[in-house]
Each structure stands twice: as structure tokens, then as C-alpha cells.
file coords_36.txt (compact mmCIF, C-alpha atoms)
# COMPACT_ATOMS: atom_id res chain seq x y z
CA MET A 1 30.82 6.61 22.42
CA GLU A 2 31.17 2.88 23.00
CA TYR A 3 28.69 3.20 25.87
CA ALA A 4 26.21 4.81 23.44
CA ASN A 5 26.57 1.83 21.10
CA VAL A 6 26.10 -0.65 23.95
CA ILE A 7 22.98 1.05 25.28
CA TYR A 8 21.65 1.30 21.71
CA ARG A 9 22.00 -2.47 21.31
CA LEU A 10 20.33 -2.95 24.68
CA GLY A 11 17.43 -0.77 23.53
CA TYR A 12 17.12 -2.89 20.41
CA VAL A 13 16.91 -6.05 22.54
CA HIS A 14 14.16 -4.50 24.67
CA SER A 15 12.26 -3.45 21.55
CA GLN A 16 12.47 -6.99 20.15
CA ARG A 17 11.09 -8.29 23.45
CA SER A 18 8.16 -5.81 23.31
CA GLU A 19 9.43 -3.86 26.32
CA PRO A 20 8.87 -0.33 24.97
CA ASP A 21 9.45 1.58 28.22
CA LEU A 22 12.92 0.11 28.64
CA ALA A 23 13.64 0.55 24.93
CA ILE A 24 12.60 4.21 25.10
CA TYR A 25 14.93 4.82 28.05
CA CYS A 26 17.89 3.19 26.27
CA PHE A 27 17.34 4.95 22.95
CA ARG A 28 16.98 8.35 24.64
CA GLU A 29 20.20 7.79 26.55
CA CYS A 30 21.95 6.74 23.36
CA ILE A 31 20.72 9.79 21.44
CA ALA A 32 21.74 12.16 24.21
CA ILE A 33 25.28 10.77 24.27
CA ARG A 34 25.63 10.72 20.48
CA GLU A 35 24.37 14.31 20.21
CA LEU A 36 26.77 15.42 22.94
CA HIS A 37 29.74 14.07 20.98
CA SER A 38 28.40 14.71 17.48
CA THR A 39 29.99 16.59 14.60
CA PRO A 40 28.23 17.83 11.44
CA ASN A 41 29.58 15.02 9.27
CA LYS A 42 27.57 12.08 7.95
CA ASP A 43 29.29 9.40 10.05
CA SER A 44 28.30 11.24 13.22
CA GLN A 45 24.75 12.23 12.25
CA ILE A 46 23.35 9.04 10.68
CA PRO A 47 23.66 6.96 13.89
CA ILE A 48 21.63 9.66 15.66
CA ALA A 49 18.94 9.41 12.99
CA ASP A 50 18.91 5.61 13.26
CA ALA A 51 18.37 5.82 17.02
CA LEU A 52 15.63 8.42 16.53
CA VAL A 53 13.77 6.00 14.23
CA ASP A 54 14.05 3.22 16.79
CA LEU A 55 12.88 5.58 19.53
CA GLY A 56 9.92 6.53 17.35
CA ASN A 57 9.07 2.86 16.87
CA ALA A 58 9.06 2.24 20.64
CA LEU A 59 6.88 5.31 21.22
CA ALA A 60 4.50 4.22 18.45
CA GLU A 61 4.19 0.80 20.12
CA LYS A 62 2.86 2.65 23.17
CA GLU A 63 0.55 4.68 20.88
CA GLU A 64 2.40 7.88 21.77
CA PHE A 65 2.07 8.93 18.16
CA ASN A 66 2.81 12.66 18.49
CA GLU A 67 6.18 11.98 20.11
CA ALA A 68 6.90 9.24 17.57
CA TYR A 69 6.12 11.68 14.76
CA VAL A 70 8.67 14.17 16.11
CA CYS A 71 11.34 11.46 16.22
CA TYR A 72 10.65 10.34 12.65
CA LYS A 73 10.63 13.91 11.32
CA ASP A 74 13.93 14.72 13.07
CA ALA A 75 15.44 11.54 11.64
CA LEU A 76 14.10 12.38 8.18
CA ASP A 77 15.73 15.82 8.32
CA ILE A 78 19.09 14.21 9.10
CA TYR A 79 18.72 11.59 6.37
CA ASN A 80 17.75 14.24 3.81
CA ASN A 81 20.83 16.28 4.71
CA HIS A 82 23.29 13.40 4.45
CA LEU A 83 21.86 10.71 2.15
CA ASN A 84 20.78 10.42 -1.45
CA ARG A 85 17.07 11.29 -1.76
CA GLU A 86 16.36 7.78 -3.01
CA ASP A 87 18.10 6.06 -0.08
CA ILE A 88 15.97 3.30 1.41
CA ALA A 89 16.41 4.73 4.93
CA ILE A 90 14.43 7.77 3.75
CA GLY A 91 11.75 5.46 2.34
CA ASP A 92 11.51 3.64 5.66
CA CYS A 93 11.19 6.93 7.55
CA LEU A 94 8.47 8.16 5.20
CA ARG A 95 6.60 4.86 5.64
CA ARG A 96 6.65 5.25 9.40
CA ILE A 97 5.46 8.85 9.23
CA GLY A 98 2.64 7.60 7.04
CA ASN A 99 1.78 5.02 9.69
CA VAL A 100 1.47 7.78 12.30
CA HIS A 101 -0.86 9.82 10.09
CA GLU A 102 -2.96 6.73 9.36
CA SER A 103 -3.24 5.95 13.07
CA LYS A 104 -4.63 9.47 13.52
CA ASN A 105 -7.14 8.91 10.65
CA GLU A 106 -5.33 11.42 8.45
CA GLU A 107 -5.56 9.18 5.42
CA THR A 108 -4.89 11.72 2.68
CA THR A 109 -1.65 12.80 4.33
CA ALA A 110 -0.69 9.19 5.06
CA GLU A 111 -1.30 8.21 1.44
CA GLY A 112 1.13 10.87 0.23
CA TYR A 113 3.88 9.57 2.50
CA TYR A 114 3.17 5.96 1.50
CA GLU A 115 3.32 6.78 -2.21
CA ARG A 116 6.66 8.57 -1.91
CA ALA A 117 8.03 5.74 0.25
CA LEU A 118 6.94 3.16 -2.32
CA GLN A 119 8.72 5.06 -5.09
CA ILE A 120 11.94 4.88 -3.08
CA TYR A 121 11.57 1.19 -2.27
CA ASP A 122 10.91 0.43 -5.93
CA CYS A 123 14.09 2.30 -6.89
CA ASN A 124 16.15 0.10 -4.58
CA LEU A 125 14.56 -3.37 -4.61
CA ILE A 126 13.71 -6.03 -7.19
CA LEU A 127 10.00 -5.89 -8.01
CA LYS A 128 9.19 -9.59 -7.49
CA PRO A 129 12.19 -11.28 -5.89
CA ASN A 130 12.41 -14.99 -5.17
CA GLU A 131 13.60 -16.43 -1.86
CA ASP A 132 17.19 -16.94 -3.06
CA GLU A 133 17.48 -13.35 -4.29
CA ILE A 134 16.32 -11.96 -0.95
CA ALA A 135 18.71 -14.23 0.97
CA SER A 136 21.70 -13.51 -1.26
CA LEU A 137 21.19 -9.75 -0.93
CA ASN A 138 20.58 -9.96 2.85
CA LEU A 139 17.51 -7.76 2.49
CA ASP A 140 14.93 -9.64 4.59
CA LYS A 141 14.15 -6.55 6.69
CA GLU A 142 13.86 -4.24 3.70
CA TYR A 143 11.48 -6.59 1.88
CA THR A 144 9.45 -7.15 5.06
CA ASP A 145 9.12 -3.38 5.44
CA LEU A 146 8.12 -3.10 1.78
CA ALA A 147 5.46 -5.78 2.23
CA SER A 148 4.10 -3.88 5.23
CA LEU A 149 4.01 -0.67 3.20
CA LEU A 150 2.22 -2.39 0.31
CA LEU A 151 -0.37 -3.87 2.69
CA SER A 152 -0.97 -0.49 4.38
CA LEU A 153 -1.42 1.31 1.07
CA ALA A 154 -3.58 -1.49 -0.37
CA THR A 155 -5.86 -1.43 2.67
CA MET A 156 -6.20 2.33 2.38
CA ARG A 157 -7.04 2.13 -1.33
CA ASP A 158 -9.53 -0.64 -0.52
CA ARG A 159 -11.30 1.61 1.98
CA LEU A 160 -11.40 4.38 -0.63
CA PHE A 161 -12.89 1.95 -3.21
CA GLN A 162 -9.86 2.36 -5.49
CA LEU A 163 -10.14 -1.34 -6.11
CA ASP A 164 -7.88 -1.89 -9.13
CA SER A 165 -4.99 -0.25 -7.28
CA ALA A 166 -5.83 -2.13 -4.08
CA VAL A 167 -5.83 -5.51 -5.85
CA SER A 168 -2.47 -4.78 -7.50
CA LEU A 169 -0.89 -3.74 -4.20
CA TYR A 170 -2.39 -6.70 -2.33
CA GLY A 171 -0.92 -8.97 -5.00
CA ARG A 172 2.57 -7.58 -4.54
CA ALA A 173 2.33 -7.83 -0.75
CA LEU A 174 1.02 -11.40 -1.03
CA HIS A 175 4.01 -12.43 -3.15
CA LEU A 176 6.49 -10.94 -0.68
CA TYR A 177 4.89 -12.42 2.44
CA LYS A 178 4.74 -15.87 0.84
CA THR A 179 8.37 -15.59 -0.26
CA LEU A 180 9.55 -14.33 3.13
CA PHE A 181 7.42 -16.34 5.56
CA GLY A 182 5.72 -19.20 3.73
CA ALA A 183 2.08 -19.85 2.89
CA ASP A 184 0.71 -19.94 6.46
CA ASP A 185 1.55 -16.41 7.60
CA LEU A 186 -1.35 -14.50 9.18
CA ARG A 187 -0.71 -11.47 7.00
CA ILE A 188 -1.38 -13.69 3.99
CA ALA A 189 -4.72 -14.63 5.55
CA THR A 190 -5.54 -10.93 5.96
CA ILE A 191 -4.72 -10.20 2.32
CA LEU A 192 -6.75 -13.18 1.09
CA ASN A 193 -9.71 -12.13 3.22
CA ASN A 194 -9.55 -8.58 1.85
CA LEU A 195 -9.23 -9.83 -1.73
CA GLY A 196 -12.20 -12.11 -1.09
CA ASN A 197 -14.30 -9.11 -0.05
CA ILE A 198 -13.30 -7.17 -3.17
CA THR A 199 -13.94 -10.16 -5.42
CA GLY A 200 -17.29 -10.85 -3.78
CA ARG A 201 -18.41 -7.25 -4.24
CA SER A 202 -17.63 -7.57 -7.95
CA GLY A 203 -19.94 -10.59 -8.19
CA SER A 204 -17.26 -13.28 -8.59
CA PHE A 205 -18.64 -15.37 -5.74
CA ASP A 206 -16.88 -18.64 -6.61
CA LYS A 207 -13.47 -16.98 -6.62
CA ALA A 208 -14.28 -15.06 -3.44
CA LEU A 209 -15.19 -18.27 -1.66
CA VAL A 210 -11.87 -19.89 -2.62
CA LEU A 211 -10.02 -16.89 -1.16
CA PHE A 212 -12.07 -16.96 2.05
CA GLU A 213 -11.56 -20.71 2.49
CA GLU A 214 -7.77 -20.35 2.25
CA SER A 215 -7.83 -17.38 4.64
CA LEU A 216 -9.92 -19.43 7.07
CA ARG A 217 -7.53 -22.39 6.82
CA ILE A 218 -4.55 -20.22 7.80
CA ARG A 219 -6.39 -18.44 10.58
CA LEU A 220 -7.67 -21.69 12.09
CA LEU A 221 -4.16 -23.15 11.90
CA VAL A 222 -2.55 -20.20 13.67
CA LEU A 223 -5.29 -18.75 15.87
CA GLY A 224 -7.58 -21.65 16.80
CA ARG A 225 -11.39 -21.69 16.61
CA ASP A 226 -12.40 -18.79 18.84
CA HIS A 227 -10.62 -15.72 17.46
CA GLU A 228 -12.38 -12.65 16.05
CA ASP A 229 -10.46 -13.02 12.78
CA ILE A 230 -12.12 -16.43 12.37
CA ALA A 231 -15.49 -14.80 12.96
CA GLU A 232 -14.66 -12.11 10.38
CA THR A 233 -13.94 -14.67 7.68
CA LEU A 234 -16.98 -16.77 8.58
CA PHE A 235 -19.19 -13.70 8.34
CA SER A 236 -17.79 -12.89 4.89
CA MET A 237 -18.28 -16.49 3.79
CA GLY A 238 -21.87 -16.38 5.01
CA ILE A 239 -22.54 -13.34 2.85
CA VAL A 240 -21.09 -15.12 -0.22
CA PHE A 241 -23.04 -18.32 0.48
CA GLU A 242 -26.24 -16.28 0.68
CA LYS A 243 -25.44 -14.52 -2.60
CA ARG A 244 -24.99 -17.99 -4.16
CA HIS A 245 -28.39 -19.01 -2.70
CA GLU A 246 -26.65 -21.64 -0.55
CA TYR A 247 -28.71 -20.70 2.48
CA GLY A 248 -27.89 -23.76 4.57
CA ALA A 249 -24.16 -23.08 4.26
CA ALA A 250 -24.80 -19.41 5.03
CA ILE A 251 -26.72 -20.31 8.19
CA LYS A 252 -23.85 -22.58 9.32
CA ALA A 253 -21.24 -19.84 8.74
CA PHE A 254 -23.34 -17.16 10.48
CA SER A 255 -24.15 -19.49 13.39
CA ASP A 256 -20.45 -20.24 13.94
CA CYS A 257 -19.75 -16.52 13.79
CA VAL A 258 -22.48 -15.86 16.39
CA ARG A 259 -20.87 -18.39 18.74
CA ILE A 260 -17.43 -16.77 18.48
CA ARG A 261 -18.65 -13.19 18.80
CA GLY A 262 -20.73 -14.18 21.80
CA LEU A 263 -17.60 -15.50 23.47
CA ILE A 264 -15.52 -12.44 22.61
CA TYR A 265 -17.92 -9.52 22.84
CA GLY A 266 -20.79 -10.87 24.90
CA GLU A 267 -24.36 -11.82 24.05
CA GLU A 268 -25.58 -8.21 24.06
CA SER A 269 -22.90 -6.69 21.83
CA LEU A 270 -23.54 -4.81 18.60
CA GLU A 271 -21.14 -7.22 16.93
CA MET A 272 -23.58 -10.01 17.80
CA ALA A 273 -26.53 -8.04 16.44
CA GLU A 274 -24.78 -7.55 13.09
CA VAL A 275 -24.46 -11.29 12.56
CA LEU A 276 -27.93 -12.08 13.89
CA ILE A 277 -29.48 -9.83 11.23
CA SER A 278 -27.64 -11.72 8.48
CA LEU A 279 -28.49 -15.04 10.09
CA GLY A 280 -32.15 -14.07 10.11
CA SER A 281 -31.99 -13.14 6.42
CA ALA A 282 -30.53 -16.54 5.51
CA GLN A 283 -33.16 -18.30 7.63
CA GLY A 284 -35.92 -16.29 5.98
CA ASN A 285 -34.61 -17.11 2.50
CA LEU A 286 -34.79 -20.78 3.49
CA HIS A 287 -38.44 -20.16 4.51
CA ASN A 288 -37.59 -20.69 8.19
CA PHE A 289 -39.56 -17.60 9.16
CA ALA A 290 -39.89 -18.58 12.81
CA GLY A 291 -36.10 -18.89 13.07
CA ALA A 292 -35.63 -15.58 11.28
CA LEU A 293 -37.99 -13.87 13.72
CA ARG A 294 -36.05 -15.30 16.68
CA SER A 295 -32.76 -14.01 15.26
CA TRP A 296 -34.17 -10.56 14.52
CA ASP A 297 -35.90 -10.33 17.90
CA GLN A 298 -32.57 -11.08 19.56
CA ALA A 299 -30.94 -8.35 17.46
CA LEU A 300 -33.71 -5.90 18.43
CA TYR A 301 -33.18 -6.74 22.10
CA ILE A 302 -29.47 -5.99 21.72
CA TYR A 303 -30.23 -2.67 20.03
CA GLN A 304 -32.57 -1.75 22.88
CA ARG A 305 -29.93 -2.69 25.46
CA ASN A 306 -27.46 -0.46 23.60
CA GLU A 307 -30.01 2.38 23.54
CA LEU A 308 -30.57 2.60 19.80
CA SER A 309 -33.77 4.52 19.13
CA GLU A 310 -36.71 3.10 17.18
CA ASP A 311 -35.96 5.41 14.25
CA HIS A 312 -32.35 4.28 14.03
CA PRO A 313 -31.73 2.87 10.51
CA LEU A 314 -30.61 -0.51 11.87
CA VAL A 315 -33.71 -0.84 14.02
CA VAL A 316 -36.00 0.27 11.19
CA THR A 317 -34.46 -2.34 8.87
CA VAL A 318 -35.01 -5.15 11.37
CA LEU A 319 -38.59 -4.09 12.04
CA ASP A 320 -39.31 -4.03 8.30
CA ASN A 321 -37.80 -7.51 7.92
CA ARG A 322 -39.89 -8.76 10.85
CA ALA A 323 -43.09 -7.46 9.28
CA ILE A 324 -42.37 -9.29 6.03
CA ALA A 325 -41.48 -12.53 7.86
CA GLU A 326 -44.62 -12.34 10.00
CA ARG A 327 -46.75 -11.93 6.89
CA PHE A 328 -45.16 -14.95 5.20
CA LEU A 329 -45.45 -16.96 8.41
CA ALA A 330 -49.14 -16.14 8.67
CA GLU A 331 -49.69 -17.20 5.07
CA THR A 332 -48.13 -20.62 5.71
CA LYS A 333 -50.46 -21.41 8.60

call {"tool": "encode", "arguments": {"input": "coords_36.txt", "output": "C-alpha cells"}}
result
Amino acid sequence: MEYANVIYRLGYVHSQRSEPDLAIYCFRECIAIRELHSTPNKDSQIPIADALVDLGNALAEKEEFNEAYVCYKDALDIYNNHLNREDIAIGDCLRRIGNVHESKNEETTAEGYYERALQIYDCNLILKPNEDEIASLNLDKEYTDLASLLLSLATMRDRLFQLDSAVSLYGRALHLYKTLFGADDLRIATILNNLGNITGRSGSFDKALVLFEESLRIRLLVLGRDHEDIAETLFSMGIVFEKRHEYGAAIKAFSDCVRIRGLIYGEESLEMAEVLISLGSAQGNLHNFAGALRSWDQALYIYQRNELSEDHPLVVTVLDNRAIAERFLAETK
């Protein structure tokens, strides 16, 4: 059995180094040996379940979700047979099963697993711990997993427009990530960006802008100027600036977003067209109708290159905007 423990630790090293194929081989070897020498008692079965979870994680990293699901379910059966139903290992397993369902766009099923997992975590962990409490209890991993669960469930509720619940869950995740990793963690930037979108949709544009600016600061610090996440935040900021009638600032944000998306996706991508439409709107609101027409014509060209028909809703919207801009442009001559 010592060999099984050694190869398990080797699999863990490979998983930490993002070498899933080698990790999968090691964990499978470990499980086979442990099962060969297993007895029905808890001390023999729990190490098998632990290795099954790690094998599932390595398979999930390779997006082999069906096989990962089988590993997690087998581990969950063992945990349920040998542990208290509120044991945090069961919560972790439920969270991972939820992740698999979410990756397969089975959101209702995923939500059920997430909710049950959160109940278990909340039974075991302090609701809003400080850094010293986490360190003294040696629970960094458990709180990191809880933060990940909270972020997954918050994002799902956000997509379902269950905004009060989403904001509450984002807030809890934000507290944990700040406590665990400091104020410049990228997951904090993601949460702030998502909260900014929710706040902006509710009409609180000033607050939304503060959230976006902090998200942008973190993302620029960690990712540099040319990452899609930077473009995402700039696009959101442009929308808020336009809602605040700050059209010059909106044009600057959209223009920076256009530059980044052009680098990442290419000049004829649908991602480019999305920003060009918003850029044209901001230009039109600033009475730069010629600039608006150029932006919308570029978007129309992209739609044509991507074979969108003339009756496609996006194309129809741009054509309607063009007609209005042309009329205003003619009136100014």
C-alpha cells in the first residue's frame, strides 16, 4: 500500500503542474491498488474516494466531463456510506458534480448540487472569517473551494436574473477572495465586473462605474493592456458612460475595446461588430453622424462576411440606425 500512497502523491504533483495525462495515470494506478487491498471499513474506503475525486479533477481539466462525473459520483457514494452527511468532503464532491452539470449547460441540475453543497459548507465554516481565523484553522483550501462555489452559484443566479441572490453571493465570494488572496486577485476583478453590470442595469450608473474602474485596475495590473477581459470591462464602461450622456468617454472606451478585439479576434469578427455598433451610437449621440456611419458600415461589412442575412435582427438594427444618421447628416448640410 505504500506504493499506492507514493503514486498518489506523484499524481498530486502532476495535477499541480497542470499535467493531467500523467496525473490521470497515477491516480488510476493508485485507485486500482487501493481497491485490490481494500476492506469495507472507513479507513480503507475513504482514501479510494479521495483518489477518485482527484482523478475526476484531472479528467475535468481535460474536459472529459462524463468520466469525471462517474468518478465524483463513485466518490460521493463512498463518502455517504462512511461520513456524516454534513461532512465537508461531501460538500466538495457535490460542488464538483455541480461544476460538471454546469459545463454541460444543465443549469437547473447544477444549481441543486450547488445549493446542497453550500448548505454543507455553511454548517462547517465561519460565515465571514478574517485572515487570522482561516490561518489558525488551516482551512485555506476549504475556504478557497467555498469562494469558488459562491462565485459559480452567483454567476448562475446572475444569468437567471435572480439579482438579489446573485449580489449576496458575489458579496460573500468577494470577502473570501480578498481575505485569502488580497485585493488584486483576478477573481475579485470578475466579481466587481459582474456587480458593475448588475448595478448598471438597475440605473445606479455612478456606483457601476466605480466597480468597473476597480475591476479594470486589477485586470490591467495582472493581464496587461491587450486581454479580452480588459475589452470586456471597457465595453461595459462604455455602456455606462453613454447612459450618463458622457459620449466622449464612451467613444474612448469603445475605441480601446475595438483595438483589443481586433487584435484578439480579427477585424472581421462578430465581437468587433458588437463594439462598432455601440461606438456608432455614441458617435451619433455626439452628433458625429459621419463617424457613426463609418462604424456602422464596418459592422455591416462584418455581418456580410459572416453571412448574416439582411433580415437578421442585428443587420436590421444597424440599417435602421444608418437611415436615421443619414437623415440627420443631410439636415446639417

call {"tool": "closest_residue", "arguments": {"input": "coords_36.txt", "among": "A:Arg261, A:Gly56, A:Ile46, A:Arg34", "to": "Ser15 in chain A", "atoms": "only C-alpha atoms"}}
result
A:Gly56

call {"tool": "closest_residue", "arguments": {"input": "coords_36.txt", "among": "A:Thr233, A:Ile260, A:Leu270, A:Ser148", "to": "Val210 in chain A", "atoms": "all atoms listed in the file"}}
result
A:Thr233

call {"tool": "atom_distance", "arguments": {"input": "coords_36.txt", "atom1": "CA of Ala189 in chain A", "atom2": "CA of Arg219 in chain A"}}
result
6.5 Å

call {"tool": "closest_residue", "arguments": {"input": "coords_36.txt", "among": "A:Glu310, A:Gly200, A:Ala147, A:Asn105", "to": "Leu174 in chain A", "atoms": "all atoms listed in the file"}}
result
A:Ala147

call {"tool": "atom_distance", "arguments": {"input": "coords_36.txt", "atom1": "CA of Leu293 in chain A", "atom2": "CA of Glu267 in chain A"}}
result
17.2 Å

call {"tool": "residues_around", "arguments": {"input": "coords_36.txt", "residues": "Arg259 in chain A", "least_positions_apart": "5", "cutoff": "9 Å", "atoms": "all atoms listed in the file", "output": "PyMOL selection string"}}
result
chain A and resi 226+231+254+264+272

call {"tool": "residues_around", "arguments": {"input": "coords_36.txt", "residues": "range 82-90 of chain A", "least_positions_apart": "3", "cutoff": "8 Å", "atoms": "all atoms listed in the file", "output": "NGL selection string"}}
result
:A and (42 or 46 or 76 or 78-79 or 93-94 or 117 or 120-121 or 123-124)

call {"tool": "atom_distance", "arguments": {"input": "coords_36.txt", "atom1": "CA of Ile251 in chain A", "atom2": "CA of Ser236 in chain A"}}
result
12.1 Å

call {"tool": "residues_around", "arguments": {"input": "coords_36.txt", "residues": "Tyr114 in chain A", "least_positions_apart": "4", "cutoff": "9 Å", "atoms": "all atoms listed in the file", "output": "PyMOL selection string"}}
result
chain A and resi 91+94-99+109-110+118-119+149-150+152-153

call {"tool": "residues_near_point", "arguments": {"input": "coords_36.txt", "point": "(-21.2, -11.1, -2.1)", "cutoff": "9 Å", "atoms": "only C-alpha atoms", "output": "list in words"}}
result
Asn197, Ile198, Thr199, Gly200, Arg201, Ser202, Gly203, Ser204, Phe205, Ala208, Ser236, Met237, Gly238, Ile239, Val240, Phe241, Glu242, Lys243 and Arg244 of chain A

call {"tool": "residues_around", "arguments": {"input": "coords_36.txt", "residues": "Ser255 in chain A", "least_positions_apart": "3", "cutoff": "12 Å", "atoms": "only C-alpha atoms", "output": "list in words"}}
result
Ala231, Leu234, Phe235, Met237, Gly238, Tyr247, Gly248, Ala249, Ala250, Ile251, Lys252, Val258, Arg259, Ile260, Arg261, Gly262, Met272, Glu274, Val275, Leu276, Ile277, Ser278, Leu279, Gly280, Ala282, Gln283, Gly291 and Ser295 of chain A

call {"tool": "residues_around", "arguments": {"input": "coords_36.txt", "residues": "Glu61 in chain A", "least_positions_apart": "2", "cutoff": "12 Å", "atoms": "all atoms listed in the file", "output": "ChimeraX atom specification"}}
result
/A:15-21,23-24,54-59,63-65,67-68,96,99-100,103

call {"tool": "closest_residue", "arguments": {"input": "coords_36.txt", "among": "A:Ala299, A:Leu220, A:Leu186, A:Leu195", "to": "Ser165 in chain A", "atoms": "all atoms listed in the file"}}
result
A:Leu195

call {"tool": "closest_residue", "arguments": {"input": "coords_36.txt", "among": "A:Ala4, A:Glu107, A:Asn194, A:Leu216", "to": "Asp229 in chain A", "atoms": "all atoms listed in the file"}}
result
A:Leu216

call {"tool": "residues_near_point", "arguments": {"input": "coords_36.txt", "point": "(26.5, 12.8, 12.9)", "cutoff": "12 Å", "atoms": "only C-alpha atoms", "output": "ChimeraX atom specification"}}
result
/A:31,33-51,75,78-79,81-83

call {"tool": "closest_residue", "arguments": {"input": "coords_36.txt", "among": "A:Leu209, A:Leu223, A:Ala330, A:Ile218", "to": "Ile188 in chain A", "atoms": "only C-alpha atoms"}}
result
A:Ile218
